[in-house]
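Asks: Structure file final26.txt (compact mmCIF, C-alpha atoms) right here:
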```txt
# COMPACT_ATOMS: atom_id res chain seq x y z
CA MET A 3 -31.60 -1.23 12.76
CA ALA A 4 -28.22 -1.47 11.01
CA VAL A 5 -26.71 -4.91 10.58
CA GLU A 6 -23.29 -5.30 12.17
CA PRO A 7 -20.62 -5.52 9.46
CA ASP A 8 -18.99 -8.58 11.01
CA VAL A 9 -22.23 -10.51 10.52
CA ARG A 10 -22.40 -9.54 6.87
CA GLU A 11 -18.78 -10.40 6.20
CA GLN A 12 -19.25 -13.91 7.51
CA GLN A 13 -21.80 -14.45 4.75
CA VAL A 14 -19.23 -13.66 2.05
CA ASP A 15 -17.28 -16.92 2.43
CA VAL A 16 -20.42 -19.02 2.08
CA ALA A 17 -20.82 -17.97 -1.54
CA GLU A 18 -17.19 -18.59 -2.48
CA PRO A 19 -16.66 -21.93 -4.27
CA SER A 20 -14.16 -23.79 -2.13
CA ALA A 21 -13.11 -25.99 -5.06
CA LYS A 22 -11.66 -23.13 -7.09
CA ARG A 23 -8.54 -21.14 -6.34
CA LEU A 24 -7.48 -17.91 -8.01
CA ILE A 25 -10.95 -17.91 -9.53
CA ALA A 26 -10.87 -14.17 -10.25
CA LEU A 27 -8.18 -14.75 -12.89
CA HIS A 28 -10.74 -16.64 -14.97
CA ASN A 29 -12.55 -13.32 -15.35
CA ARG A 30 -10.90 -11.83 -18.47
CA ARG A 31 -11.82 -8.26 -17.61
CA PHE A 32 -10.25 -8.52 -14.15
CA LEU A 33 -7.24 -10.42 -15.52
CA THR A 34 -6.45 -7.67 -18.05
CA PHE A 35 -6.86 -4.98 -15.41
CA TRP A 36 -4.72 -6.92 -12.93
CA ILE A 37 -1.80 -7.42 -15.32
CA ALA A 38 -1.80 -3.76 -16.43
CA ILE A 39 -1.97 -2.41 -12.88
CA THR A 40 0.84 -4.76 -11.81
CA LEU A 41 3.07 -3.34 -14.54
CA ALA A 42 2.23 0.23 -13.49
CA LEU A 43 3.00 -0.54 -9.86
CA THR A 44 6.30 -2.10 -10.93
CA GLY A 45 7.19 1.21 -12.56
CA LEU A 46 6.22 3.00 -9.38
CA TRP A 47 8.57 0.82 -7.32
CA ILE A 48 11.40 1.37 -9.77
CA ARG A 49 10.98 5.09 -9.12
CA ILE A 50 10.79 4.62 -5.34
CA THR A 51 13.95 2.52 -5.30
CA VAL A 52 16.00 4.81 -7.55
CA GLN A 53 14.64 7.96 -5.89
CA GLY A 54 15.67 6.78 -2.41
CA TYR A 55 19.10 5.79 -3.64
CA LEU A 56 19.53 9.14 -5.42
CA VAL A 57 18.44 11.26 -2.43
CA TYR A 58 20.83 9.52 -0.07
CA ASP A 59 23.64 9.49 -2.63
CA LEU A 60 23.29 13.25 -3.16
CA THR A 61 22.90 14.27 0.48
CA ASP A 62 24.13 11.54 2.89
CA ASP A 63 21.20 12.69 5.06
CA ALA A 64 18.87 10.12 6.67
CA PHE A 65 16.46 12.89 7.61
CA LEU A 66 15.97 13.80 3.95
CA LEU A 67 15.07 10.16 3.27
CA GLY A 68 12.35 10.52 5.87
CA LEU A 69 11.35 13.88 4.42
CA ALA A 70 10.95 12.39 0.93
CA GLY A 71 8.66 9.74 2.39
CA PHE A 72 6.82 12.44 4.35
CA LEU A 73 6.13 14.51 1.25
CA SER A 74 5.05 11.44 -0.73
CA ALA A 75 2.50 10.44 1.88
CA LEU A 76 1.29 13.81 3.18
CA PRO A 77 -1.10 14.46 0.25
CA VAL A 78 -2.82 11.16 0.99
CA LEU A 79 -3.69 12.44 4.46
CA VAL A 80 -4.79 15.87 3.25
CA LEU A 81 -6.78 14.77 0.19
CA SER A 82 -8.40 11.55 1.45
CA PRO A 83 -11.75 13.14 2.45
CA ILE A 84 -12.08 14.66 -1.02
CA VAL A 85 -10.99 11.41 -2.66
CA GLY A 86 -13.79 9.41 -1.03
CA VAL A 87 -16.44 11.77 -2.40
CA VAL A 88 -14.87 11.76 -5.89
CA VAL A 89 -14.62 7.96 -6.09
CA ASP A 90 -18.24 7.47 -4.99
CA ARG A 91 -19.77 10.29 -7.07
CA PHE A 92 -17.90 9.85 -10.37
CA ASP A 93 -16.83 7.11 -12.76
CA ARG A 94 -14.11 5.16 -10.96
CA ARG A 95 -12.51 4.11 -14.23
CA THR A 96 -12.06 7.75 -15.26
CA VAL A 97 -10.71 8.71 -11.84
CA LEU A 98 -8.15 5.91 -12.00
CA LEU A 99 -7.21 6.70 -15.61
CA VAL A 100 -6.51 10.37 -14.83
CA THR A 101 -4.50 9.28 -11.79
CA GLN A 102 -2.34 6.94 -13.86
CA LEU A 103 -1.72 9.62 -16.48
CA PHE A 104 -0.66 12.13 -13.84
CA MET A 105 1.69 9.69 -12.10
CA ALA A 106 3.32 8.80 -15.42
CA ALA A 107 3.77 12.53 -16.14
CA THR A 108 5.57 13.14 -12.82
CA MET A 109 7.96 10.26 -13.53
CA LEU A 110 8.61 11.51 -17.05
CA THR A 111 9.40 14.98 -15.67
CA LEU A 112 11.80 13.46 -13.15
CA ALA A 113 13.49 11.50 -15.94
CA MET A 114 13.90 14.52 -18.20
CA LEU A 115 15.34 16.73 -15.44
CA ASP A 116 17.82 13.98 -14.61
CA ALA A 117 18.69 13.37 -18.27
CA PHE A 118 19.48 17.06 -18.81
CA GLY A 119 21.66 17.14 -15.69
CA VAL A 120 19.61 19.76 -13.82
CA LEU A 121 17.92 17.50 -11.26
CA ARG A 122 18.33 18.64 -7.64
CA VAL A 123 17.01 17.29 -4.36
CA GLU A 124 14.40 20.06 -4.27
CA HIS A 125 13.01 18.80 -7.60
CA ILE A 126 12.80 15.26 -6.24
CA LEU A 127 10.90 16.44 -3.16
CA ILE A 128 8.44 18.51 -5.21
CA LEU A 129 7.76 15.67 -7.65
CA ALA A 130 7.43 13.22 -4.75
CA THR A 131 4.72 15.47 -3.34
CA LEU A 132 2.88 15.60 -6.67
CA ALA A 133 3.13 11.85 -7.09
CA GLY A 134 1.79 11.49 -3.55
CA ALA A 135 -1.21 13.63 -4.49
CA ALA A 136 -1.96 11.24 -7.37
CA SER A 137 -1.49 8.25 -5.05
CA ALA A 138 -4.19 9.67 -2.79
CA PHE A 139 -6.68 8.91 -5.58
CA ASP A 140 -4.99 5.77 -6.91
CA TRP A 141 -5.38 3.41 -3.96
CA PRO A 142 -9.07 4.09 -3.09
CA ALA A 143 -10.07 4.09 -6.78
CA ARG A 144 -8.18 0.86 -7.45
CA LEU A 145 -9.67 -0.89 -4.41
CA SER A 146 -13.17 0.42 -5.09
CA ILE A 147 -13.23 -0.59 -8.76
CA VAL A 148 -12.37 -4.25 -8.11
CA PRO A 149 -15.87 -5.26 -6.91
CA ASN A 150 -17.27 -3.70 -10.10
CA LEU A 151 -15.10 -5.98 -12.25
CA VAL A 152 -15.92 -9.35 -10.69
CA ARG A 153 -18.86 -11.48 -9.61
CA PRO A 154 -19.71 -11.69 -5.88
CA HIS A 155 -18.17 -15.13 -5.38
CA GLU A 156 -14.90 -13.87 -6.96
CA LEU A 157 -14.57 -10.83 -4.68
CA ASN A 158 -12.40 -12.25 -1.87
CA ASN A 159 -9.98 -13.75 -4.36
CA ALA A 160 -9.92 -10.55 -6.46
CA VAL A 161 -9.15 -8.39 -3.40
CA ALA A 162 -6.29 -10.73 -2.46
CA LEU A 163 -4.94 -10.67 -6.02
CA ASN A 164 -5.20 -6.88 -6.08
CA SER A 165 -2.92 -6.85 -3.05
CA ALA A 166 -0.73 -9.43 -4.79
CA SER A 167 -0.21 -7.02 -7.68
CA PHE A 168 1.20 -4.46 -5.27
CA ASN A 169 3.50 -7.00 -3.67
CA THR A 170 4.59 -8.49 -6.98
CA ALA A 171 5.66 -5.00 -7.97
CA ARG A 172 7.57 -4.72 -4.68
CA ILE A 173 9.62 -7.74 -5.76
CA VAL A 174 10.25 -6.91 -9.40
CA GLY A 175 10.51 -3.11 -9.20
CA PRO A 176 13.30 -2.87 -6.60
CA VAL A 177 15.30 -5.62 -8.33
CA ILE A 178 15.06 -3.83 -11.68
CA GLY A 179 15.82 -0.45 -10.12
CA GLY A 180 18.66 -1.73 -7.92
CA VAL A 181 20.35 -3.59 -10.77
CA LEU A 182 19.81 -1.11 -13.60
CA VAL A 183 20.70 2.08 -11.73
CA GLY A 184 24.36 1.13 -11.94
CA VAL A 185 24.08 -0.04 -15.56
CA ILE A 186 21.92 2.48 -17.39
CA GLY A 187 21.81 5.31 -14.84
CA THR A 188 19.07 6.95 -12.83
CA ALA A 189 17.53 8.93 -15.72
CA ALA A 190 16.94 5.81 -17.83
CA CYS A 191 15.39 4.07 -14.84
CA PHE A 192 12.96 6.96 -14.42
CA PHE A 193 12.06 6.78 -18.14
CA LEU A 194 11.44 3.06 -17.73
CA SER A 195 9.19 3.65 -14.73
CA ALA A 196 7.10 6.13 -16.74
CA ALA A 197 6.78 3.70 -19.68
CA ALA A 198 5.49 0.97 -17.35
CA PHE A 199 2.28 3.00 -16.93
CA LEU A 200 1.34 2.80 -20.63
CA PRO A 201 -0.46 -0.61 -20.46
CA SER A 202 -2.68 0.48 -17.57
CA ILE A 203 -3.52 3.73 -19.35
CA VAL A 204 -4.58 1.81 -22.48
CA VAL A 205 -6.59 -0.76 -20.51
CA LEU A 206 -8.40 1.84 -18.42
CA ALA A 207 -9.20 3.91 -21.51
CA THR A 208 -11.08 0.94 -23.01
CA LEU A 209 -12.45 -0.70 -19.84
CA THR A 210 -16.15 -0.91 -19.00
CA ILE A 211 -17.37 -1.54 -15.46
CA ASP A 212 -20.64 -2.74 -13.96
CA ARG A 213 -21.69 0.10 -11.74
CA MET A 214 -24.65 2.42 -11.39
CA LEU A 215 -23.78 5.78 -9.88
CA PRO A 216 -25.26 5.92 -6.36
CA SER A 217 -28.08 8.21 -5.34
CA GLY A 218 -25.45 10.19 -3.42
CA LYS A 219 -24.58 11.82 -6.74
CA ARG A 220 -27.52 14.17 -6.10
CA GLU A 221 -26.21 15.13 -2.66
CA ARG A 222 -23.99 18.06 -1.92
CA PRO A 223 -20.32 17.00 -1.64
CA LEU A 224 -20.18 17.83 2.09
CA SER A 225 -23.31 15.75 2.74
CA THR A 226 -21.81 12.86 0.78
CA LEU A 227 -18.63 13.07 2.83
CA LEU A 228 -20.40 13.25 6.20
CA SER A 229 -22.72 10.36 5.35
CA GLY A 230 -19.63 8.22 4.74
CA TYR A 231 -18.22 9.01 8.19
CA ARG A 232 -21.62 8.33 9.78
CA TYR A 233 -21.73 4.99 8.01
CA ILE A 234 -18.34 3.99 9.47
CA TRP A 235 -19.23 5.22 12.95
CA ARG A 236 -22.35 3.02 13.10
CA PHE A 237 -20.30 -0.18 13.15
CA PRO A 238 -17.71 -0.70 15.95
CA THR A 239 -16.21 -3.77 14.29
CA LEU A 240 -15.65 -1.90 11.05
CA ARG A 241 -13.99 0.93 12.96
CA SER A 242 -11.70 -1.56 14.69
CA LEU A 243 -10.67 -3.14 11.39
CA LEU A 244 -9.95 0.25 9.87
CA SER A 245 -7.81 1.12 12.89
CA VAL A 246 -5.63 -1.98 12.37
CA ASP A 247 -3.64 -0.05 9.77
CA LEU A 248 -3.32 3.11 11.84
CA VAL A 249 -0.34 2.57 14.16
CA PRO A 250 1.26 -0.36 12.24
CA VAL A 251 1.37 1.78 9.10
CA MET A 252 2.30 5.05 10.76
CA PHE A 253 5.19 3.61 12.76
CA GLY A 254 5.73 0.04 11.60
CA MET A 255 6.15 0.83 7.90
CA SER A 256 8.51 3.72 8.59
CA PHE A 257 11.44 1.28 8.49
CA PHE A 258 10.99 1.22 4.72
CA ALA A 259 12.11 4.83 4.37
CA LEU A 260 15.36 4.04 6.22
CA LEU A 261 16.43 1.07 4.09
CA PRO A 262 18.89 3.11 1.98
CA ALA A 263 20.69 4.11 5.19
CA ILE A 264 20.61 0.54 6.53
CA ALA A 265 21.97 -0.87 3.26
CA ARG A 266 24.91 1.55 3.11
CA ASP A 267 25.78 2.41 6.71
CA VAL A 268 25.00 -0.89 8.49
CA TYR A 269 25.56 -3.50 5.77
CA GLY A 270 28.16 -1.58 3.73
CA ARG A 271 26.28 -2.08 0.46
CA GLY A 272 25.20 0.30 -2.28
CA SER A 273 22.22 0.24 -4.64
CA GLY A 274 22.55 -3.52 -5.15
CA GLY A 275 22.17 -4.21 -1.44
CA LEU A 276 19.24 -1.81 -1.26
CA GLY A 277 17.56 -3.59 -4.17
CA LEU A 278 18.04 -6.94 -2.41
CA LEU A 279 16.39 -5.63 0.77
CA TYR A 280 13.44 -4.23 -1.18
CA ALA A 281 13.15 -7.47 -3.13
CA ALA A 282 13.30 -9.66 -0.01
CA ASP A 283 10.48 -7.65 1.52
CA GLY A 284 8.54 -7.96 -1.72
CA VAL A 285 9.09 -11.74 -1.98
CA GLY A 286 7.80 -12.21 1.55
CA ALA A 287 4.84 -9.94 0.87
CA PHE A 288 4.00 -11.80 -2.34
CA LEU A 289 4.12 -15.18 -0.58
CA GLY A 290 1.90 -13.88 2.21
CA VAL A 291 -0.76 -12.45 -0.07
CA MET A 292 -0.77 -15.48 -2.36
CA LEU A 293 -1.19 -17.76 0.65
CA VAL A 294 -4.34 -15.84 1.56
CA ALA A 295 -5.55 -15.97 -2.05
CA MET A 296 -5.06 -19.74 -2.21
CA MET A 297 -6.71 -20.47 1.15
CA THR A 298 -10.46 -20.72 0.57
CA GLY A 299 -12.78 -20.91 3.55
CA LEU A 300 -10.20 -19.40 5.89
CA ARG A 301 -11.64 -19.13 9.42
CA ASN A 302 -10.79 -17.08 12.54
CA ARG A 303 -9.58 -14.26 10.32
CA GLY A 304 -9.96 -11.64 13.04
CA ARG A 305 -7.56 -13.48 15.32
CA LEU A 306 -5.15 -13.99 12.43
CA VAL A 307 -5.07 -10.23 11.85
CA LEU A 308 -4.15 -9.59 15.48
CA LEU A 309 -1.51 -12.33 15.52
CA GLY A 310 -0.08 -10.99 12.29
CA VAL A 311 0.37 -7.49 13.68
CA PHE A 312 1.98 -8.96 16.82
CA PHE A 313 4.56 -10.98 14.90
CA PHE A 314 5.17 -8.04 12.57
CA ALA A 315 6.20 -5.92 15.57
CA VAL A 316 8.47 -8.66 16.94
CA LEU A 317 10.15 -9.19 13.58
CA GLN A 318 10.70 -5.46 13.15
CA ILE A 319 12.55 -5.31 16.46
CA GLY A 320 14.63 -8.28 15.32
CA PHE A 321 15.39 -6.64 11.97
CA ALA A 322 16.66 -3.55 13.78
CA ALA A 323 19.34 -5.69 15.44
CA ALA A 324 20.39 -7.62 12.31
CA PRO A 325 24.16 -7.16 11.88
CA ASN A 326 24.57 -8.24 8.24
CA LEU A 327 22.77 -8.31 4.91
CA ALA A 328 21.98 -12.04 4.92
CA LEU A 329 20.18 -11.94 8.27
CA GLY A 330 18.57 -8.62 7.39
CA MET A 331 17.18 -10.09 4.16
CA ALA A 332 15.82 -13.13 6.02
CA LEU A 333 14.07 -10.99 8.62
CA ILE A 334 12.73 -8.48 6.13
CA LEU A 335 11.34 -11.34 4.06
CA LEU A 336 9.44 -12.53 7.13
CA LEU A 337 8.36 -8.94 7.80
CA GLY A 338 6.94 -8.68 4.30
CA PHE A 339 5.21 -12.06 4.60
CA THR A 340 3.59 -11.23 7.92
CA ALA A 341 2.52 -7.72 6.97
CA SER A 342 0.92 -8.78 3.68
CA PHE A 343 -0.74 -11.80 5.29
CA TYR A 344 -2.58 -9.85 7.97
CA ALA A 345 -3.19 -6.80 5.75
CA THR A 346 -4.75 -8.87 2.96
CA ILE A 347 -7.04 -10.66 5.39
CA ASN A 348 -7.97 -7.29 6.85
CA ASP A 349 -8.71 -5.95 3.34
CA THR A 350 -11.01 -8.87 2.52
CA LEU A 351 -12.89 -8.45 5.79
CA ILE A 352 -13.45 -4.74 5.16
CA MET A 353 -14.37 -5.10 1.48
CA GLY A 354 -16.88 -7.84 2.30
CA MET A 355 -18.64 -5.62 4.83
CA ILE A 356 -19.23 -2.33 3.08
CA GLU A 357 -21.96 -1.44 0.59
CA ASP A 358 -20.92 -0.30 -2.89
CA ASP A 359 -22.43 3.19 -2.45
CA TYR A 360 -20.05 3.80 0.46
CA ARG A 361 -17.03 1.88 -0.78
CA GLY A 362 -15.09 4.88 -2.08
CA ARG A 363 -15.54 6.86 1.13
CA VAL A 364 -14.61 3.94 3.38
CA MET A 365 -11.54 3.22 1.25
CA ALA A 366 -10.62 6.90 1.44
CA VAL A 367 -10.68 6.72 5.25
CA TYR A 368 -8.59 3.56 4.94
CA SER A 369 -6.13 5.51 2.80
CA THR A 370 -6.14 8.35 5.34
CA PHE A 371 -4.42 6.01 7.75
CA TRP A 372 -1.76 5.34 5.12
CA GLY A 373 -1.55 9.09 4.80
CA LEU A 374 -0.43 9.22 8.41
CA THR A 375 2.86 7.59 7.42
CA PRO A 376 4.46 11.07 7.15
CA ILE A 377 4.36 11.25 10.93
CA GLY A 378 6.22 7.96 11.18
CA TYR A 379 8.67 8.91 8.44
CA LEU A 380 9.58 12.20 10.09
CA GLN A 381 9.76 10.64 13.53
CA ALA A 382 11.93 7.76 12.24
CA GLY A 383 14.12 10.15 10.27
CA TRP A 384 14.65 12.36 13.33
CA ILE A 385 15.52 9.43 15.61
CA ALA A 386 17.84 8.01 12.94
CA SER A 387 19.65 11.34 12.57
CA VAL A 388 20.31 11.42 16.34
CA TRP A 389 20.72 7.77 17.44
CA GLY A 390 20.94 5.83 14.18
CA SER A 391 18.60 3.99 11.83
CA GLN A 392 18.59 0.73 13.79
CA ILE A 393 17.45 2.46 16.98
CA ALA A 394 14.69 4.24 15.07
CA ILE A 395 13.37 0.96 13.64
CA ALA A 396 13.50 -0.75 17.05
CA VAL A 397 11.63 2.08 18.79
CA ASN A 398 8.83 1.93 16.25
CA GLY A 399 8.64 -1.84 16.55
CA VAL A 400 8.03 -1.46 20.29
CA ILE A 401 5.29 1.11 19.61
CA VAL A 402 3.50 -1.32 17.28
CA LEU A 403 3.85 -4.13 19.83
CA ILE A 404 2.23 -2.06 22.59
CA TYR A 405 -0.52 -1.02 20.19
CA VAL A 406 -1.53 -4.53 19.13
CA LEU A 407 -1.64 -5.76 22.72
CA ALA A 408 -3.98 -2.90 23.59
CA LEU A 409 -6.09 -3.56 20.47
CA ALA A 410 -6.50 -7.24 21.38
CA ARG A 411 -7.55 -6.26 24.90
CA TRP A 412 -10.05 -3.53 24.07
CA SER A 413 -11.46 -4.58 20.66
CA PRO A 414 -13.11 -7.96 21.23
CA GLY A 415 -15.15 -7.60 18.03
CA ILE A 416 -12.08 -8.35 15.91
CA ARG A 417 -11.36 -11.57 17.78
CA ARG A 418 -14.84 -12.89 16.97
CA LEU A 419 -14.57 -12.43 13.20
CA ASN A 420 -14.39 -15.59 11.14
```
Spell out the structure here as structure tokens.

Replies:
Amino acid sequence: MAVEPDVREQQVDVAEPSAKRLIALHNRRFLTFWIAITLALTGLWIRITVQGYLVYDLTDDAFLLGLAGFLSALPVLVLSPIVGVVVDRFDRRTVLLVTQLFMAATMLTLAMLDAFGVLRVEHILILATLAGAASAFDWPARLSIVPNLVRPHELNNAVALNSASFNTARIVGPVIGGVLVGVIGTAACFFLSAAAFLPSIVVLATLTIDRMLPSGKRERPLSTLLSGYRYIWRFPTLRSLLSVDLVPVMFGMSFFALLPAIARDVYGRGSGGLGLLYAADGVGAFLGVMLVAMMTGLRNRGRLVLLGVFFFAVLQIGFAAAPNLALGMALILLLGFTASFYATINDTLIMGMIEDDYRGRVMAVYSTFWGLTPIGYLQAGWIASVWGSQIAIAVNGVIVLIYVLALARWSPGIRRLN
């Protein structure tokens, strides 16, 4: 009889030394990987910031902002089933290395088209789609490789720090992009974003990981894929945790695609204001994830996840009504803090439950939910084009609020998780 995942995850904290904080950073192999990946993600956020600014500057069209986000995220949804099989059947280091090389190449292409003065919106949308295809492999491979770099008692801290790298990049990247776009221009910013991937490429090319390829390598790809879905379906608590990122990501995170419109049309600011909004969200996210990383022996984590989603929805509705940049930055900082706090706890719960042979496939399903963001981006872009960006953000905040209340009512397994 299969053991319920929530029982297994409760055993993870027992092995974690409560006297040590940020213990995973004492592992040199993980530390090197973490620094390099953080730099690469910073480059990614430079591109995201400058790309959003450029699309809106060229078109004045909020719908095209949503469309750019749609095309970036759509490949994640389409490719996620394939990604799970690839990550579990092949060397995760190689998968991640190829992904990083491809993402750097798309940014370099964007930079060169811009530098030669031939860049059009169509080019941006095509390259956003290609970068999204690479991202479909990046997130599951990066999450799945972390347990192969650390010892069991370092896992919770390493997962939290992996999330911290993403949120650190969300602070630094938008600030660099927002400030430099007016100083050195968009093309130079794109070149800089491509160069930021070089350290991770070098590190991954020389990295060794502790992992034996699972027996699933001898299975047919379709059998490997289906066994992953059967594994998830066996455990109701695991399914509930995976669903936590479904509606909050699809609709809640759609506000991010509308920030260029909010910065210019509501707050009357240009790229500098946009960079400040991105950075405020990133600061809050970094503080939230580092709080989780520093808190050893954290209990009642299931309830904290539910409370986090609830407050995220409330803060999103508040952000929609913010009349000026100062209040908007304060609310978006709290949004970032709350989202990263509950999402990091959710990540540690999931990663502590699943077996290594299935980790790539489970993480691919996890990424599939992120791949549903195109629905939210298009929906938010359409509402914004008709009634305005603030109304679009408020509507999606209400959707998330209704969702989390229903989840708390009909998924008691989450509430029982420690």

Asks: Please indicate the distance in Å from CA of Val174 (chain A) to CA of Gly284 (chain A), rounded to one decimal place.

Replies: 7.9 Å

Asks: Which one is closest to Val120 (chain A): A:Thr346, A:Ala189, A:Phe139, A:Ala26? Count only C-alpha atoms.

Replies: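 Closest to Val120 (chain A), using only C-alpha atoms: A:Ala189.
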
Asks: Using all atoms listed in the file, which of A:Ile126, A:Val364, A:Val87, A:Leu67 sits nearest Trp235 (chain A)?

Replies: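 Between A:Ile126, A:Val364, A:Val87, A:Leu67, the residue approaching Trp235 (chain A) most closely is A:Val364.
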
Asks: Go through region 128-172 of chain A residue by residue and, counting all atoms listed in the file, keep those with an atom at most 12 Å from region 47-55 of chain A; for each kept residue give the shortest atom pair and its distance in Å to one decimal, ordered by chain and increasing number, as a Markdown table.

Replies:
```
| residue | atom | partner | partner_atom | distance |
| --- | --- | --- | --- | --- |
| A:Leu129 | CA | A:Gln53 | CA | 10.5 |
| A:Ala130 | CA | A:Gln53 | CA | 9.0 |
| A:Ala133 | CA | A:Arg49 | CA | 10.6 |
| A:Gly134 | CA | A:Ile50 | CA | 11.5 |
| A:Ser167 | CA | A:Trp47 | CA | 11.8 |
| A:Phe168 | CA | A:Trp47 | CA | 9.3 |
| A:Asn169 | CA | A:Trp47 | CA | 10.0 |
| A:Thr170 | CA | A:Trp47 | CA | 10.1 |
| A:Ala171 | CA | A:Trp47 | CA | 6.5 |
| A:Arg172 | CA | A:Trp47 | CA | 6.2 |
```

Asks: For a quick check of understanding, using all atoms listed in the file, which of A:Val400, A:Gly275, A:Leu110, A:Leu99 has the smallest distance to Ala136 (chain A)?

Replies: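 Of A:Val400, A:Gly275, A:Leu110, A:Leu99, the one nearest Ala136 (chain A) is A:Leu99, counting all atoms listed in the file.
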
Asks: Please, what distance in Å, to one decimal, runs between CA of Val181 (chain A) and CA of Gly274 (chain A)?

Replies: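 Distance reported for this atom pair: 6.0 Å.
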
Asks: Hey, which of A:Gly45, A:Pro250, A:Pro77, A:Gly286 ends up closest to Ile128 (chain A)? Count all atoms listed in the file.

Replies: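 For Ile128 (chain A), the nearest of the given residues is A:Pro77.
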
Asks: Just want the 8 Å neighbourhood of Ala135 (chain A), counted on all atoms listed in the file, with same-chain residues fewer than 6 positions away dropped. Output as a PyMOL selection string.

Replies: chain A and resi 74+77-78+81

Asks: Do you have the CA of Ala263 (chain A)-CA of Ser387 (chain A) distance handy?

Replies: 10.4 Å

Asks: Name the residues, using the chain letters and numbers of the file, that sit within 12 Å of (21.7, 5.6, 14.7) when counting only C-alpha atoms, and give them as a list in words.

Replies: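 I get Asp63, Ala64, Phe65, Leu260, Ala263, Ile264, Asp267, Val268, Ala322, Ala323, Ala382, Gly383, Trp384, Ile385, Ala386, Ser387, Val388, Trp389, Gly390, Ser391, Gln392, Ile393, Ala394, Ile395, Ala396 and Val397 of chain A for the residues within 12 Å of that point.
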